[in-house]
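Data from input07.txt: compact mmCIF, C-alpha atoms and all ligand atoms
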# COMPACT_ATOMS: atom_id res chain seq x y z
CA MET A 1 0.00 0.00 0.00
CA ILE A 2 2.78 2.42 1.01
CA LEU A 3 4.78 1.41 -2.07
CA GLU A 4 1.74 1.97 -4.31
CA SER A 5 1.20 5.44 -2.81
CA CYS A 6 4.87 6.29 -3.39
CA ILE A 7 4.64 5.17 -7.05
CA LEU A 8 1.46 7.23 -7.47
CA ILE A 9 3.17 10.35 -6.05
CA LEU A 10 6.21 9.77 -8.28
CA ASN A 11 3.96 9.37 -11.34
CA LEU A 12 2.07 12.55 -10.46
CA LYS A 13 5.38 14.40 -10.06
CA ASN A 14 6.57 13.12 -13.44
CA MET A 15 3.30 14.16 -15.04
CA GLN A 16 3.71 17.66 -13.62
CA LYS A 17 7.35 17.70 -14.79
CA ASN A 18 6.42 16.96 -18.39
CA LYS A 19 3.17 18.86 -18.52
CA THR A 20 2.60 21.86 -20.78
CA TYR A 21 0.36 24.50 -19.15
CA GLN A 22 -1.76 26.89 -21.20
CA LEU A 23 -3.04 30.41 -20.74
CA ASN A 24 -5.76 31.44 -23.18
CA ASN A 25 -7.73 34.61 -23.82
CA LYS A 26 -10.90 35.25 -25.76
CA ASN A 27 -8.96 36.99 -28.55
CA GLY A 28 -7.36 33.67 -29.40
CA ILE A 29 -3.91 34.12 -27.85
CA THR A 30 -2.37 31.04 -26.24
CA VAL A 31 0.72 31.16 -24.04
CA GLU A 32 2.29 27.85 -23.05
CA PHE A 33 4.81 27.20 -20.29
CA ILE A 34 6.42 24.31 -18.44
CA SER A 35 7.48 23.70 -14.83
CA TYR A 36 11.18 23.33 -15.71
CA GLY A 37 12.71 26.76 -15.22
CA ALA A 38 9.17 28.24 -15.36
CA ARG A 39 9.93 28.47 -19.07
CA LEU A 40 7.62 29.89 -21.68
CA LYS A 41 7.20 27.32 -24.43
CA SER A 42 5.13 29.14 -27.01
CA VAL A 43 3.30 32.41 -27.55
CA LEU A 44 0.70 31.80 -30.25
CA LEU A 45 -0.86 34.87 -31.85
CA PRO A 46 -3.88 34.73 -34.17
CA ASP A 47 -2.73 35.08 -37.79
CA GLY A 48 -5.60 34.83 -40.28
CA ASP A 49 -7.09 31.37 -39.87
CA LYS A 50 -3.97 29.98 -38.17
CA LYS A 51 -1.75 30.93 -35.23
CA THR A 52 1.85 32.09 -35.34
CA ASP A 53 4.33 31.29 -32.59
CA ILE A 54 6.54 34.31 -31.79
CA ILE A 55 8.90 32.76 -29.25
CA LEU A 56 11.80 30.34 -29.70
CA GLY A 57 11.37 26.99 -28.02
CA TYR A 58 11.50 23.22 -28.07
CA GLU A 59 8.77 20.64 -28.36
CA THR A 60 9.51 18.67 -25.16
CA THR A 61 10.67 19.31 -21.59
CA GLU A 62 13.67 16.98 -22.19
CA GLU A 63 14.81 19.24 -25.02
CA PHE A 64 14.51 22.29 -22.76
CA GLU A 65 16.60 20.43 -20.13
CA THR A 66 19.46 19.80 -22.54
CA GLY A 67 18.98 22.80 -24.82
CA ASP A 68 20.00 26.44 -24.71
CA PRO A 69 20.55 27.04 -20.98
CA TYR A 70 18.41 30.11 -20.19
CA LEU A 71 15.92 29.99 -23.04
CA ASN A 72 12.64 31.60 -21.88
CA ALA A 73 13.32 30.84 -18.20
CA ILE A 74 12.91 32.78 -14.99
CA CYS A 75 16.56 33.58 -14.22
CA GLY A 76 18.12 34.20 -10.81
CA ARG A 77 18.99 34.37 -7.98
CA TYR A 78 21.01 36.97 -9.74
CA ALA A 79 20.13 37.38 -13.40
CA ASN A 80 22.90 38.89 -15.55
CA ARG A 81 26.52 39.10 -14.39
CA ILE A 82 28.37 39.49 -11.10
CA ALA A 83 31.97 40.63 -11.57
CA ASN A 84 34.59 38.14 -10.43
CA SER A 85 31.70 36.04 -9.07
CA LYS A 86 32.04 37.91 -5.79
CA PHE A 87 30.18 40.34 -3.57
CA GLU A 88 30.18 41.62 -0.02
CA LEU A 89 27.19 41.75 2.24
CA ASN A 90 27.30 42.96 5.86
CA GLY A 91 31.09 42.69 5.95
CA LYS A 92 31.17 39.11 4.66
CA THR A 93 32.58 38.17 1.25
CA TYR A 94 30.57 35.68 -0.77
CA GLN A 95 32.52 33.81 -3.44
CA LEU A 96 30.31 32.18 -6.07
CA LYS A 97 31.29 29.53 -8.61
CA ALA A 98 32.16 31.29 -11.88
CA ASN A 99 30.27 30.10 -14.97
CA ASP A 100 31.14 32.85 -17.48
CA GLY A 101 34.92 33.20 -17.58
CA LYS A 102 35.74 34.42 -14.10
CA ASN A 103 32.31 36.00 -13.74
CA PHE A 104 28.94 34.69 -12.63
CA LEU A 105 25.94 34.65 -15.00
CA HIS A 106 22.19 34.21 -14.46
CA GLY A 107 22.27 32.52 -11.06
CA GLY A 108 24.95 29.91 -11.78
CA ASP A 109 24.65 26.21 -12.50
CA LYS A 110 21.73 25.73 -10.11
CA GLY A 111 19.67 28.82 -10.79
CA PHE A 112 15.91 29.10 -10.95
CA HIS A 113 16.18 28.29 -14.67
CA GLN A 114 16.90 24.68 -13.67
CA LYS A 115 14.30 24.15 -11.00
CA TYR A 116 11.02 22.32 -11.40
CA TRP A 117 8.56 24.91 -10.19
CA GLU A 118 5.38 23.91 -8.41
CA VAL A 119 2.48 25.06 -10.60
CA LYS A 120 -1.09 25.83 -9.46
CA PRO A 121 -3.99 27.39 -11.37
CA ILE A 122 -5.32 30.49 -9.59
CA GLU A 123 -8.08 33.08 -10.01
CA LEU A 124 -6.76 36.58 -10.61
CA GLU A 125 -9.12 39.52 -10.98
CA GLY A 126 -8.96 41.06 -14.45
CA TYR A 127 -7.24 38.03 -15.99
CA GLU A 128 -8.79 35.23 -18.00
CA SER A 129 -6.31 32.58 -16.98
CA ALA A 130 -3.61 32.59 -14.34
CA PHE A 131 -1.14 30.25 -12.64
CA LYS A 132 1.11 30.62 -9.62
CA LEU A 133 4.56 29.03 -9.83
CA SER A 134 6.71 28.57 -6.73
CA ALA A 135 10.30 27.53 -6.13
CA ILE A 136 12.85 27.74 -3.33
CA SER A 137 16.55 28.35 -3.45
CA GLU A 138 17.99 27.02 -0.21
CA ASP A 139 20.33 28.85 2.11
CA GLY A 140 23.87 28.37 0.75
CA GLU A 141 22.79 27.23 -2.72
CA GLU A 142 25.38 28.54 -5.19
CA ASN A 143 26.79 30.15 -1.99
CA PHE A 144 24.06 32.79 -1.69
CA PRO A 145 22.81 33.49 1.87
CA GLY A 146 19.22 32.85 2.98
CA ASN A 147 16.40 30.52 1.99
CA LEU A 148 14.79 32.42 -0.87
CA LYS A 149 11.19 31.61 -1.73
CA VAL A 150 10.00 32.89 -5.11
CA ASP A 151 6.42 33.05 -6.37
CA VAL A 152 5.74 33.94 -9.98
CA ILE A 153 2.31 34.56 -11.47
CA TYR A 154 1.76 34.04 -15.18
CA ALA A 155 -1.57 35.58 -16.23
CA LEU A 156 -3.18 36.57 -19.51
CA ASN A 157 -5.96 39.16 -19.94
CA TYR A 158 -8.34 40.50 -22.61
CA ASN A 159 -5.91 43.30 -23.46
CA ASN A 160 -3.43 40.70 -24.74
CA GLU A 161 -1.10 41.31 -21.82
CA LEU A 162 0.97 38.53 -20.30
CA LEU A 163 1.66 39.50 -16.70
CA ILE A 164 4.75 38.10 -15.00
CA ASP A 165 4.44 39.04 -11.35
CA ILE A 166 7.48 38.09 -9.27
CA LYS A 167 7.54 38.06 -5.47
CA ALA A 168 10.35 36.84 -3.25
CA ALA A 169 11.06 36.59 0.46
CA THR A 170 14.17 35.54 2.37
CA ASP A 171 15.03 34.51 5.94
CA LYS A 172 18.53 36.10 5.84
CA GLU A 173 19.65 39.27 4.10
CA THR A 174 20.60 38.40 0.53
CA VAL A 175 20.99 39.84 -2.98
CA LEU A 176 18.75 39.10 -5.93
CA ASN A 177 17.79 40.03 -9.45
CA LEU A 178 14.98 38.05 -11.03
CA THR A 179 13.96 38.29 -14.66
CA SER A 180 12.14 36.55 -17.46
CA HIS A 181 14.38 35.63 -20.40
CA PRO A 182 12.17 35.02 -23.45
CA TYR A 183 13.65 35.04 -26.95
CA PHE A 184 11.13 36.51 -29.38
CA ASN A 185 11.13 36.24 -33.13
CA LEU A 186 8.15 38.04 -34.65
CA ASN A 187 8.68 36.37 -38.03
CA GLY A 188 7.27 33.29 -36.37
CA LYS A 189 10.17 31.17 -37.57
CA ALA A 190 13.58 30.78 -35.99
CA SER A 191 15.13 30.45 -39.45
CA ASP A 192 14.36 34.12 -40.21
CA THR A 193 16.64 36.39 -38.21
CA ILE A 194 15.57 39.43 -36.20
CA HIS A 195 17.27 41.92 -38.56
CA ASN A 196 13.84 43.18 -39.71
CA HIS A 197 12.69 43.98 -36.14
CA ASP A 198 12.34 47.60 -35.04
CA ILE A 199 13.66 47.97 -31.50
CA LYS A 200 12.64 50.75 -29.15
CA VAL A 201 13.87 51.35 -25.59
CA ASN A 202 12.52 54.07 -23.31
CA ALA A 203 15.88 55.08 -21.87
CA ASP A 204 18.07 58.19 -21.95
CA HIS A 205 21.07 56.20 -20.64
CA TYR A 206 22.65 52.78 -20.70
CA THR A 207 25.21 51.11 -18.42
CA GLU A 208 28.63 51.00 -20.09
CA LEU A 209 30.34 47.59 -20.20
CA ASN A 210 33.94 46.45 -20.19
CA ASN A 211 35.09 43.76 -22.61
CA GLU A 212 33.89 41.01 -20.23
CA ASN A 213 30.31 42.36 -20.34
CA ILE A 214 30.71 43.72 -16.80
CA PRO A 215 29.43 47.25 -16.08
CA THR A 216 32.19 49.81 -15.60
CA GLY A 217 29.82 51.80 -13.37
CA ASN A 218 29.48 54.61 -15.92
CA ILE A 219 25.95 55.53 -16.89
CA VAL A 220 26.24 56.91 -20.40
CA PRO A 221 23.73 59.19 -22.20
CA VAL A 222 22.49 57.55 -25.42
CA GLU A 223 22.05 60.89 -27.22
CA GLY A 224 23.87 60.81 -30.55
CA LEU A 225 24.87 57.13 -30.24
CA ALA A 226 23.69 54.01 -32.05
CA MET A 227 22.50 53.03 -28.54
CA ASP A 228 19.77 55.66 -28.77
CA LEU A 229 16.61 53.59 -29.25
CA ARG A 230 14.15 56.20 -27.98
CA SER A 231 12.88 56.33 -31.54
CA ALA A 232 12.77 52.81 -32.91
CA LYS A 233 15.70 51.58 -34.99
CA GLN A 234 15.60 48.53 -37.19
CA PHE A 235 18.19 45.98 -36.02
CA SER A 236 19.64 45.78 -39.56
CA GLU A 237 20.54 49.51 -39.24
CA VAL A 238 22.54 49.11 -36.03
CA VAL A 239 24.00 45.61 -36.10
CA ASP A 240 27.01 46.74 -38.15
CA SER A 241 27.50 49.96 -36.18
CA GLU A 242 31.07 51.12 -35.63
CA TYR A 243 30.17 52.08 -32.04
CA PRO A 244 32.77 50.01 -30.13
CA GLU A 245 30.33 48.48 -27.63
CA ILE A 246 28.14 47.16 -30.46
CA LYS A 247 30.98 46.26 -32.82
CA MET A 248 32.75 44.18 -30.15
CA ARG A 249 29.60 42.11 -29.50
CA GLU A 250 28.21 42.17 -33.05
CA GLY A 251 24.88 43.27 -31.64
CA PHE A 252 23.21 44.33 -28.42
CA ASP A 253 23.89 42.69 -25.08
CA HIS A 254 23.29 45.77 -22.95
CA ASN A 255 21.27 47.12 -20.11
CA TRP A 256 19.36 50.36 -20.62
CA VAL A 257 18.52 52.58 -17.66
CA LEU A 258 14.78 52.98 -18.03
CA ASN A 259 13.13 56.39 -17.84
CA LYS A 260 10.84 55.86 -14.89
CA ASP A 261 8.60 58.10 -12.82
CA SER A 262 7.01 55.63 -10.44
CA LYS A 263 7.10 52.11 -9.01
CA GLU A 264 4.16 51.15 -11.26
CA PRO A 265 4.77 49.25 -14.52
CA GLU A 266 5.81 51.74 -17.20
CA PHE A 267 6.68 51.43 -20.88
CA ALA A 268 10.21 50.00 -21.17
CA GLY A 269 10.51 49.19 -24.85
CA SER A 270 9.17 47.23 -27.77
CA ILE A 271 9.98 45.17 -30.80
CA GLU A 272 7.91 45.49 -33.93
CA LEU A 273 7.76 43.70 -37.26
CA LYS A 274 6.01 46.25 -39.47
CA GLU A 275 5.63 44.02 -42.52
CA LYS A 276 3.61 41.50 -40.47
CA ASN A 277 1.93 44.04 -38.21
CA ARG A 278 3.17 42.31 -35.07
CA ALA A 279 4.72 43.79 -31.95
CA VAL A 280 5.60 43.06 -28.34
CA GLU A 281 5.66 45.92 -25.85
CA VAL A 282 7.29 45.58 -22.46
CA TYR A 283 6.08 47.38 -19.33
CA THR A 284 7.82 46.94 -16.03
CA THR A 285 8.49 48.07 -12.47
CA GLN A 286 12.16 47.09 -12.87
CA PRO A 287 14.85 49.77 -13.35
CA GLY A 288 16.58 48.24 -16.38
CA LEU A 289 15.95 46.51 -19.69
CA GLN A 290 18.61 44.11 -20.97
CA VAL A 291 18.31 43.70 -24.73
CA TYR A 292 20.22 40.71 -26.08
CA THR A 293 20.19 39.96 -29.79
CA GLY A 294 21.12 36.27 -29.62
CA MET A 295 24.75 36.31 -30.82
CA HIS A 296 25.66 33.02 -29.10
CA PHE A 297 23.25 30.87 -31.15
CA ASP A 298 25.45 28.83 -33.46
CA GLY A 299 23.12 26.29 -35.03
CA SER A 300 23.93 23.55 -32.52
CA SER A 301 20.57 23.71 -30.80
CA ILE A 302 17.55 22.52 -32.76
CA GLY A 303 14.17 23.93 -31.77
CA LYS A 304 10.54 23.50 -32.78
CA GLU A 305 9.84 22.27 -36.29
CA ASN A 306 13.42 21.02 -36.43
CA ILE A 307 14.79 24.51 -37.04
CA ALA A 308 18.29 25.25 -35.72
CA PHE A 309 18.87 28.42 -33.69
CA ASN A 310 21.43 30.36 -35.67
CA LYS A 311 23.00 33.71 -34.80
CA TYR A 312 20.29 36.39 -34.36
CA ALA A 313 17.48 33.79 -34.25
CA GLY A 314 15.79 35.63 -31.39
CA ILE A 315 15.84 38.77 -29.29
CA ALA A 316 15.64 38.65 -25.50
CA LEU A 317 13.93 41.54 -23.71
CA GLU A 318 14.77 41.10 -20.04
CA ALA A 319 13.37 43.61 -17.57
CA GLN A 320 15.65 43.48 -14.54
CA ASN A 321 17.95 45.31 -12.15
CA PHE A 322 21.39 46.25 -13.52
CA ALA A 323 24.15 43.65 -13.77
CA ASP A 324 26.58 43.59 -10.83
CA ALA A 325 24.44 46.12 -8.89
CA MET A 326 25.82 44.98 -5.51
CA ASN A 327 29.30 46.09 -6.57
CA HIS A 328 28.27 49.61 -7.69
CA GLU A 329 27.01 52.17 -5.20
CA ASN A 330 25.37 54.24 -7.95
CA PHE A 331 23.21 51.29 -9.15
CA PRO A 332 19.75 50.48 -7.73
CA ASN A 333 19.50 48.42 -4.56
CA CYS A 334 19.52 44.63 -5.04
CA ARG A 335 19.53 43.63 -1.38
CA LEU A 336 16.58 42.00 0.33
CA LYS A 337 16.12 41.74 4.10
CA PRO A 338 13.94 39.18 5.94
CA ASP A 339 11.27 41.75 6.82
CA GLU A 340 10.95 42.98 3.22
CA GLU A 341 9.07 41.68 0.19
CA TYR A 342 10.58 41.75 -3.29
CA HIS A 343 7.83 42.47 -5.80
CA GLU A 344 8.44 43.26 -9.49
CA ARG A 345 6.21 43.05 -12.50
CA ILE A 346 6.97 42.50 -16.18
CA ILE A 347 4.18 42.77 -18.73
CA TYR A 348 4.53 41.65 -22.34
CA LYS A 349 1.73 43.15 -24.42
CA PHE A 350 1.14 41.45 -27.76
CA LYS A 351 -0.05 43.35 -30.81
CA TYR A 352 -1.09 41.74 -34.09
C1 LIG A 401 23.17 37.75 -21.54
C2 LIG A 401 24.10 37.23 -22.59
C3 LIG A 401 24.10 35.74 -22.51
C4 LIG A 401 22.70 35.23 -22.68
C5 LIG A 401 22.65 33.75 -22.50
C6 LIG A 401 21.81 37.22 -21.83
O1 LIG A 401 20.90 37.68 -20.88
O2 LIG A 401 23.15 39.16 -21.49
O3 LIG A 401 25.39 37.74 -22.43
O4 LIG A 401 24.93 35.18 -23.48
O5 LIG A 401 21.84 35.83 -21.75
O6 LIG A 401 21.36 33.28 -22.55
Turn this file's structure into structure tokens for me.
Ligand code: BGC
Amino acid sequence: MILESCILILNLKNMQKNKTYQLNNKNGITVEFISYGARLKSVLLPDGDKKTDIILGYETTEEFETGDPYLNAICGRYANRIANSKFELNGKTYQLKANDGKNFLHGGDKGFHQKYWEVKPIELEGYESAFKLSAISEDGEENFPGNLKVDVIYALNYNNELLIDIKAATDKETVLNLTSHPYFNLNGKASDTIHNHDIKVNADHYTELNNENIPTGNIVPVEGLAMDLRSAKQFSEVVDSEYPEIKMREGFDHNWVLNKDSKEPEFAGSIELKEKNRAVEVYTTQPGLQVYTGMHFDGSSIGKENIAFNKYAGIALEAQNFADAMNHENFPNCRLKPDEEYHERIIYKFKY
């Protein structure tokens, strides 16, 4: 009897592991996600009498497990980079295990992108379908202090907005930066690159990087630079820019300092494919928007419909705090104390 119950629980767990969850709205949008890494699997927009998928992805959970490491996941504890994989908190130095040269990227080997999140359907006022996803990073995991409990809500409403609501609480002071890392391709096919996408970012400044993609601490005005995306620029216009920061990376892999007036979600940026009349707008409470134009894709990972992810197959729009914020006094706070609640929102609004 006990053995049978154990097998039943294991089977249920496996079912949850491999399950694809769906959010639907009355306009015909479907957003799919999985428990592994809380990853978005598809974003299907109505397109005549069919639907077009505007996000990169794989067909099965196993492929997500072995595929591109951060694809469409919730990343953390600390999304983006930490210089020399090291920080100080209350006089103590925390040394993390480097996973990007000598630096630390996206929460390390055991980040939230690798956890199987517990998933529950919920009711959320103003939303047609909603789920709550929960995961814990234990005290000392990847050497971060404190048990960190994270709850994420994925919800879709009539206005074609996908809400990603992220809350976290800790039992010891810690540092964190949580983001969603979806790779969009508005062509609806990973084989067509994002060169034809217009990119807009609501920011007067960006955080300058050194040649290891670590912020120097300088906050640079975008005025007059190829980094000025306040009026949309098509990616094909800027990808070959001589501006050293772009030239060195052959694209964007930068954080913009968002123009913000409040702690409410505000317009952060957008991508648009004019010829197909499709766009994604991002609204957020977070202080930064990392725009990454997928330079690392090299054809070795094969996604949906058997299409390889080649260079520039997708564009990631990651609303987050700035990279390495704990090591720069002029960057926004990334510390969380036990009596505080971390609460950030990212909204992707789909237009078609
Ligand atoms: C980073 C890139 C990194 C990529 C990996 C992005 O958020 O900014 O440097 O290569 O994630 O998925």
**Request:** Counting all atoms listed in the file, name the residues that have an atom within 10 Å of an atom of ligand LIG 401 (chain A); the answer should be given as a VMD selection string.
**Result:** chain A and resid 68 to 73 75 79 to 81 100 105 to 106 179 to 183 212 to 214 249 252 to 255 290 to 297 315 to 318 323
Restricted to C-alpha atoms, what would the selected residues look like written as a PDB file, in the frame of the given file?
ATOM      1  CA  ASP A  68      20.000  26.440 -24.710  1.00  0.00           C
ATOM      2  CA  PRO A  69      20.550  27.040 -20.980  1.00  0.00           C
ATOM      3  CA  TYR A  70      18.410  30.110 -20.190  1.00  0.00           C
ATOM      4  CA  LEU A  71      15.920  29.990 -23.040  1.00  0.00           C
ATOM      5  CA  ASN A  72      12.640  31.600 -21.880  1.00  0.00           C
ATOM      6  CA  ALA A  73      13.320  30.840 -18.200  1.00  0.00           C
ATOM      7  CA  CYS A  75      16.560  33.580 -14.220  1.00  0.00           C
ATOM      8  CA  ALA A  79      20.130  37.380 -13.400  1.00  0.00           C
ATOM      9  CA  ASN A  80      22.900  38.890 -15.550  1.00  0.00           C
ATOM     10  CA  ARG A  81      26.520  39.100 -14.390  1.00  0.00           C
ATOM     11  CA  ASP A 100      31.140  32.850 -17.480  1.00  0.00           C
ATOM     12  CA  LEU A 105      25.940  34.650 -15.000  1.00  0.00           C
ATOM     13  CA  HIS A 106      22.190  34.210 -14.460  1.00  0.00           C
ATOM     14  CA  THR A 179      13.960  38.290 -14.660  1.00  0.00           C
ATOM     15  CA  SER A 180      12.140  36.550 -17.460  1.00  0.00           C
ATOM     16  CA  HIS A 181      14.380  35.630 -20.400  1.00  0.00           C
ATOM     17  CA  PRO A 182      12.170  35.020 -23.450  1.00  0.00           C
ATOM     18  CA  TYR A 183      13.650  35.040 -26.950  1.00  0.00           C
ATOM     19  CA  GLU A 212      33.890  41.010 -20.230  1.00  0.00           C
ATOM     20  CA  ASN A 213      30.310  42.360 -20.340  1.00  0.00           C
ATOM     21  CA  ILE A 214      30.710  43.720 -16.800  1.00  0.00           C
ATOM     22  CA  ARG A 249      29.600  42.110 -29.500  1.00  0.00           C
ATOM     23  CA  PHE A 252      23.210  44.330 -28.420  1.00  0.00           C
ATOM     24  CA  ASP A 253      23.890  42.690 -25.080  1.00  0.00           C
ATOM     25  CA  HIS A 254      23.290  45.770 -22.950  1.00  0.00           C
ATOM     26  CA  ASN A 255      21.270  47.120 -20.110  1.00  0.00           C
ATOM     27  CA  GLN A 290      18.610  44.110 -20.970  1.00  0.00           C
ATOM     28  CA  VAL A 291      18.310  43.700 -24.730  1.00  0.00           C
ATOM     29  CA  TYR A 292      20.220  40.710 -26.080  1.00  0.00           C
ATOM     30  CA  THR A 293      20.190  39.960 -29.790  1.00  0.00           C
ATOM     31  CA  GLY A 294      21.120  36.270 -29.620  1.00  0.00           C
ATOM     32  CA  MET A 295      24.750  36.310 -30.820  1.00  0.00           C
ATOM     33  CA  HIS A 296      25.660  33.020 -29.100  1.00  0.00           C
ATOM     34  CA  PHE A 297      23.250  30.870 -31.150  1.00  0.00           C
ATOM     35  CA  ILE A 315      15.840  38.770 -29.290  1.00  0.00           C
ATOM     36  CA  ALA A 316      15.640  38.650 -25.500  1.00  0.00           C
ATOM     37  CA  LEU A 317      13.930  41.540 -23.710  1.00  0.00           C
ATOM     38  CA  GLU A 318      14.770  41.100 -20.040  1.00  0.00           C
ATOM     39  CA  ALA A 323      24.150  43.650 -13.770  1.00  0.00           C
TER      40      ALA A 323
END
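As for CA of Glu344 in chain A and CA of Ile122 in chain A, they are spaced 18.8 Å apart.
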**Message:** For Gln234 in chain A, find every residue with an atom within 6 Å (counting only C-alpha atoms), except residues of its own chain fewer than 3 positions away, and show them as a ChimeraX atom specification.
**Reply:** /A:197-198,237
**Prompt:** Out of A:Thr61, A:Asp324, A:Asn310, A:Thr20, which residue has the shortest atom-to-atom distance to Asp192 in chain A when counting all atoms listed in the file?
**Reply:** A:Asn310
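When all atoms listed in the file are used to measure the gap to Leu162 in chain A, the shortest distance among A:Lys349, A:His328, A:Lys274, A:His205 belongs to A:Lys349.
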Using the incomplete input, complete range 202-215 of chain A to the level of N, CA, C and O atoms; output as a PDB file, in the frame of the given file.
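Full text of rebuild_33.pdb as output:
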ATOM      1  N   ASN A 202      12.856  52.799 -23.962  1.00  0.00           N
ATOM      2  CA  ASN A 202      12.520  54.070 -23.310  1.00  0.00           C
ATOM      3  C   ASN A 202      13.592  54.423 -22.275  1.00  0.00           C
ATOM      4  O   ASN A 202      13.375  54.295 -21.069  1.00  0.00           O
ATOM      5  N   ALA A 203      14.762  54.821 -22.782  1.00  0.00           N
ATOM      6  CA  ALA A 203      15.880  55.080 -21.870  1.00  0.00           C
ATOM      7  C   ALA A 203      16.771  56.179 -22.427  1.00  0.00           C
ATOM      8  O   ALA A 203      17.152  56.139 -23.599  1.00  0.00           O
ATOM      9  N   ASP A 204      17.128  57.124 -21.558  1.00  0.00           N
ATOM     10  CA  ASP A 204      18.070  58.190 -21.950  1.00  0.00           C
ATOM     11  C   ASP A 204      19.514  57.743 -21.717  1.00  0.00           C
ATOM     12  O   ASP A 204      20.449  58.434 -22.118  1.00  0.00           O
ATOM     13  N   HIS A 205      19.706  56.640 -20.994  1.00  0.00           N
ATOM     14  CA  HIS A 205      21.070  56.200 -20.640  1.00  0.00           C
ATOM     15  C   HIS A 205      21.176  54.678 -20.730  1.00  0.00           C
ATOM     16  O   HIS A 205      20.171  53.975 -20.656  1.00  0.00           O
ATOM     17  N   TYR A 206      22.416  54.216 -20.856  1.00  0.00           N
ATOM     18  CA  TYR A 206      22.650  52.780 -20.700  1.00  0.00           C
ATOM     19  C   TYR A 206      23.874  52.595 -19.795  1.00  0.00           C
ATOM     20  O   TYR A 206      24.621  53.549 -19.548  1.00  0.00           O
ATOM     21  N   THR A 207      24.058  51.362 -19.288  1.00  0.00           N
ATOM     22  CA  THR A 207      25.210  51.110 -18.420  1.00  0.00           C
ATOM     23  C   THR A 207      26.371  50.592 -19.273  1.00  0.00           C
ATOM     24  O   THR A 207      26.262  49.531 -19.915  1.00  0.00           O
ATOM     25  N   GLU A 208      27.453  51.355 -19.279  1.00  0.00           N
ATOM     26  CA  GLU A 208      28.630  51.000 -20.090  1.00  0.00           C
ATOM     27  C   GLU A 208      29.225  49.676 -19.602  1.00  0.00           C
ATOM     28  O   GLU A 208      29.231  49.402 -18.400  1.00  0.00           O
ATOM     29  N   LEU A 209      29.761  48.907 -20.553  1.00  0.00           N
ATOM     30  CA  LEU A 209      30.340  47.590 -20.200  1.00  0.00           C
ATOM     31  C   LEU A 209      31.827  47.564 -20.511  1.00  0.00           C
ATOM     32  O   LEU A 209      32.291  48.261 -21.428  1.00  0.00           O
ATOM     33  N   ASN A 210      32.554  46.711 -19.776  1.00  0.00           N
ATOM     34  CA  ASN A 210      33.940  46.450 -20.190  1.00  0.00           C
ATOM     35  C   ASN A 210      33.926  45.265 -21.173  1.00  0.00           C
ATOM     36  O   ASN A 210      32.855  44.771 -21.538  1.00  0.00           O
ATOM     37  N   ASN A 211      35.110  44.809 -21.573  1.00  0.00           N
ATOM     38  CA  ASN A 211      35.090  43.760 -22.610  1.00  0.00           C
ATOM     39  C   ASN A 211      34.727  42.374 -22.076  1.00  0.00           C
ATOM     40  O   ASN A 211      34.699  41.407 -22.827  1.00  0.00           O
ATOM     41  N   GLU A 212      34.412  42.279 -20.775  1.00  0.00           N
ATOM     42  CA  GLU A 212      33.890  41.010 -20.230  1.00  0.00           C
ATOM     43  C   GLU A 212      32.388  41.115 -19.962  1.00  0.00           C
ATOM     44  O   GLU A 212      31.830  40.316 -19.184  1.00  0.00           O
ATOM     45  N   ASN A 213      31.745  42.126 -20.539  1.00  0.00           N
ATOM     46  CA  ASN A 213      30.310  42.360 -20.340  1.00  0.00           C
ATOM     47  C   ASN A 213      29.963  42.719 -18.900  1.00  0.00           C
ATOM     48  O   ASN A 213      28.845  42.465 -18.434  1.00  0.00           O
ATOM     49  N   ILE A 214      30.933  43.289 -18.186  1.00  0.00           N
ATOM     50  CA  ILE A 214      30.710  43.720 -16.800  1.00  0.00           C
ATOM     51  C   ILE A 214      30.576  45.247 -16.811  1.00  0.00           C
ATOM     52  O   ILE A 214      31.394  45.931 -17.442  1.00  0.00           O
ATOM     53  N   PRO A 215      29.569  45.788 -16.101  1.00  0.00           N
ATOM     54  CA  PRO A 215      29.430  47.250 -16.080  1.00  0.00           C
ATOM     55  C   PRO A 215      30.677  47.930 -15.491  1.00  0.00           C
ATOM     56  O   PRO A 215      31.243  47.453 -14.505  1.00  0.00           O
TER      57      PRO A 215
END
